[in-house]
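Structure first, then comments.
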Amino acid sequence: MADGRCMFCAIADGELPSTVVYEDDEVLAFRDIAPRAPVHVLVVPRRHLASVMDVADGEGPLLARIFAAIGEVARREGVADSGFRVVSNAGRNGGQTVAHLHFHVLGGRFMTWPPG
Ligand code: AMP
């Protein structure tokens, strides 16, 4: 963001609007502003971690919460049975554009493989 504030921290703190699909004290899930599939939700930790490269040994419990949230998002969005894809882009070649760890949950259509 222009003022240097992390955009997803601002969303997690309620300073920027988002369409929330799921939330708890550690994790927030909200709709992607530019959806690439009928279901496109971003699942983020409220605490700032820049990418998967910031995930240290002690983050096991947080990752478990994130993946439990991903499953709950899939159920709420109606793609638990049809299937979905979970993606976390990291760094330049990974195509990461927001430097706050996030997991894309994509579904509602067949996901081609490999991704571009
Ligand atoms: P990535 O490119 O993997 O870092 O993913 C960042 C995602 O954040 C992109 O899919 C964007 O469309 C999405 N995005 C950017 N700004 C917002 C916002 N304010 N609310 C929701 N999604 C956003």
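Quick note on naming: the chains in the structure tokens go A, B, ... in the order shown, residues restart at 1 in each chain, and ligands are numbered from 1 in order of appearance.
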
Test item: residues at most 10 Å from Cys9 (chain A), only C-alpha atoms, excluding those fewer than 5 positions along its chain, as a VMD selection string
chain A and resid 14 to 16 44 to 49 100

Can you work out which residues are within 6 Å of ligand 1, considering only C-alpha atoms and all ligand atoms, and then hand them over as a list in words?
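The neighbouring residues of ligand 1 are, in order, Ser18, Arg31, Asp32, Ile33, Ala34, Asn89, Gly95, Gln96, Thr97 and Val98 of chain A.
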
Per DSSP on the backbone, what are the helix (DSSP H, G or I) residues of region 1-112 of chain A, as JSON, numbers by chain?
{"A": [7, 8, 9, 10, 11, 12, 52, 53, 54, 57, 58, 59, 60, 61, 62, 63, 64, 65, 66, 67, 68, 69, 70, 71, 72, 73, 74, 75, 76, 91, 92, 93, 94]}

Produce a file of the selected residues containing C-alpha atoms, as a short mmCIF file (atom, residue, chain, number, x, y, z; two decimals), in the first residue's frame.
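The resulting file, out20.cif, is shown below:
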data_model
loop_
_atom_site.label_atom_id
_atom_site.label_comp_id
_atom_site.auth_asym_id
_atom_site.auth_seq_id
_atom_site.Cartn_x
_atom_site.Cartn_y
_atom_site.Cartn_z
CA MET A 7 -2.88 -4.54 2.66
CA PHE A 8 -3.88 -7.87 4.14
CA CYS A 9 -2.98 -6.69 7.67
CA ALA A 10 -5.30 -3.74 7.04
CA ILE A 11 -8.06 -6.11 5.87
CA ALA A 12 -7.49 -8.39 8.88
CA VAL A 52 5.78 -19.43 3.15
CA MET A 53 9.45 -18.44 3.53
CA ASP A 54 8.47 -16.91 6.91
CA ASP A 57 9.14 -24.73 12.93
CA GLY A 58 6.93 -23.25 15.62
CA GLU A 59 4.15 -22.32 13.22
CA GLY A 60 2.68 -25.82 13.15
CA PRO A 61 -0.40 -24.90 15.21
CA LEU A 62 -1.06 -21.82 13.05
CA LEU A 63 -0.76 -23.87 9.86
CA ALA A 64 -3.19 -26.42 11.27
CA ARG A 65 -5.65 -23.59 11.95
CA ILE A 66 -5.17 -22.24 8.43
CA PHE A 67 -5.80 -25.62 6.83
CA ALA A 68 -8.81 -26.28 9.05
CA ALA A 69 -10.12 -22.89 7.88
CA ILE A 70 -9.46 -23.87 4.26
CA GLY A 71 -11.59 -26.99 4.73
CA GLU A 72 -14.35 -24.92 6.33
CA VAL A 73 -14.22 -22.43 3.44
CA ALA A 74 -14.54 -25.31 0.95
CA ARG A 75 -17.61 -26.59 2.81
CA ARG A 76 -19.21 -23.14 3.04
CA GLY A 91 8.29 -14.48 -4.52
CA ARG A 92 8.73 -13.05 -8.00
CA ASN A 93 8.71 -16.24 -10.04
CA GLY A 94 5.86 -17.58 -7.95
#

Separation of CA of Glu77 (chain A) from CA of Met111 (chain A) in Å:
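Pair CA of Met111 (chain A) / CA of Glu77 (chain A) returns 16.1 Å.
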
What is the CA of Val27 (chain A) to CA of Gly116 (chain A) distance in Å?
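Separating CA of Val27 (chain A) from CA of Gly116 (chain A) is a distance of 28.3 Å.
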
Quick one: everything within 10 Å of Phe84 (chain A), counting only C-alpha atoms, minus sequence neighbours fewer than 6 positions away in the same chain. Send it as a PyMOL selection string.
chain A and resi 39-40+74+78+104-111

Written file, previous selection with all heavy atoms, as a compact mmCIF listing (two decimals), in the first residue's frame:
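That gives us out20.txt:
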# COMPACT_ATOMS: atom_id res chain seq x y z
N VAL A 39 -15.33 -19.83 -7.43
CA VAL A 39 -14.98 -19.71 -6.01
C VAL A 39 -13.51 -19.31 -5.95
O VAL A 39 -12.63 -20.00 -6.48
CB VAL A 39 -15.20 -21.03 -5.25
CG1 VAL A 39 -14.63 -20.94 -3.83
CG2 VAL A 39 -16.67 -21.40 -5.23
N HIS A 40 -13.22 -18.16 -5.35
CA HIS A 40 -11.83 -17.72 -5.18
C HIS A 40 -11.76 -16.94 -3.87
O HIS A 40 -12.15 -15.78 -3.78
CB HIS A 40 -11.39 -16.84 -6.36
CG HIS A 40 -9.92 -16.54 -6.35
ND1 HIS A 40 -9.28 -15.90 -7.38
CD2 HIS A 40 -8.94 -16.81 -5.42
CE1 HIS A 40 -7.99 -15.78 -7.11
NE2 HIS A 40 -7.76 -16.31 -5.92
N ALA A 74 -14.09 -24.42 2.03
CA ALA A 74 -14.54 -25.31 0.95
C ALA A 74 -15.95 -25.80 1.22
O ALA A 74 -16.78 -25.87 0.31
CB ALA A 74 -13.56 -26.48 0.81
N GLY A 78 -19.33 -24.70 -0.97
CA GLY A 78 -19.96 -25.78 -1.73
C GLY A 78 -19.04 -26.52 -2.68
O GLY A 78 -19.51 -27.12 -3.65
N HIS A 104 -4.72 -19.20 -1.72
CA HIS A 104 -5.86 -19.10 -2.62
C HIS A 104 -6.64 -20.41 -2.55
O HIS A 104 -6.06 -21.49 -2.68
CB HIS A 104 -5.40 -18.92 -4.07
CG HIS A 104 -4.60 -17.68 -4.34
ND1 HIS A 104 -5.14 -16.57 -4.96
CD2 HIS A 104 -3.30 -17.38 -4.10
CE1 HIS A 104 -4.19 -15.65 -5.09
NE2 HIS A 104 -3.07 -16.11 -4.59
N VAL A 105 -7.94 -20.32 -2.38
CA VAL A 105 -8.83 -21.48 -2.49
C VAL A 105 -9.67 -21.25 -3.74
O VAL A 105 -10.46 -20.31 -3.82
CB VAL A 105 -9.73 -21.62 -1.25
CG1 VAL A 105 -10.65 -22.83 -1.41
CG2 VAL A 105 -8.88 -21.77 0.01
N LEU A 106 -9.42 -22.10 -4.75
CA LEU A 106 -10.03 -21.92 -6.07
C LEU A 106 -10.89 -23.13 -6.40
O LEU A 106 -10.45 -24.28 -6.26
CB LEU A 106 -8.93 -21.79 -7.13
CG LEU A 106 -8.01 -20.57 -6.98
CD1 LEU A 106 -6.60 -20.91 -7.41
CD2 LEU A 106 -8.55 -19.40 -7.78
N GLY A 107 -12.11 -22.87 -6.86
CA GLY A 107 -12.98 -23.99 -7.21
C GLY A 107 -14.18 -23.53 -8.00
O GLY A 107 -14.27 -22.38 -8.43
N GLY A 108 -15.10 -24.48 -8.21
CA GLY A 108 -16.30 -24.16 -8.98
C GLY A 108 -16.12 -24.41 -10.46
O GLY A 108 -17.05 -24.18 -11.25
N ARG A 109 -14.94 -24.82 -10.87
CA ARG A 109 -14.68 -25.23 -12.25
C ARG A 109 -13.49 -26.18 -12.21
O ARG A 109 -12.78 -26.26 -11.19
CB ARG A 109 -14.37 -24.03 -13.16
CG ARG A 109 -13.09 -23.29 -12.84
CD ARG A 109 -12.71 -22.32 -13.94
NE ARG A 109 -11.62 -21.42 -13.58
CZ ARG A 109 -10.34 -21.73 -13.57
NH1 ARG A 109 -9.95 -22.96 -13.85
NH2 ARG A 109 -9.44 -20.83 -13.24
N PHE A 110 -13.24 -26.89 -13.33
CA PHE A 110 -12.09 -27.79 -13.39
C PHE A 110 -10.81 -26.96 -13.41
O PHE A 110 -10.70 -25.99 -14.17
CB PHE A 110 -12.16 -28.69 -14.62
CG PHE A 110 -11.04 -29.70 -14.64
CD1 PHE A 110 -11.11 -30.86 -13.89
CD2 PHE A 110 -9.90 -29.45 -15.38
CE1 PHE A 110 -10.06 -31.77 -13.88
CE2 PHE A 110 -8.84 -30.36 -15.38
CZ PHE A 110 -8.93 -31.53 -14.63
N MET A 111 -9.86 -27.33 -12.59
CA MET A 111 -8.57 -26.63 -12.52
C MET A 111 -7.57 -27.34 -13.43
O MET A 111 -7.28 -28.51 -13.21
CB MET A 111 -8.04 -26.65 -11.08
CG MET A 111 -8.89 -25.88 -10.12
SD MET A 111 -8.84 -24.12 -10.48
CE MET A 111 -10.49 -23.68 -10.00

If you run DSSP on the backbone here, which positions in chain A get strand (DSSP E)? Please write them as a list in words.
Val20, Val21, Tyr22, Glu23, Val27, Leu28, Ala29, Phe30, Arg31, Val39, His40, Val41, Leu42, Val43, Val44, Pro45, Phe84, Arg85, Val86, Val87, Phe103, His104, Val105, Leu106 and Gly107 of chain A

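Across A:Cys6, A:Ala37, A:Leu101, A:Val20, the tightest approach to Ser88 (chain A) is made by A:Leu101 when counting only C-alpha atoms.
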
What separates CA of Phe30 (chain A) and CA of Phe103 (chain A) is a distance of 10.7 Å
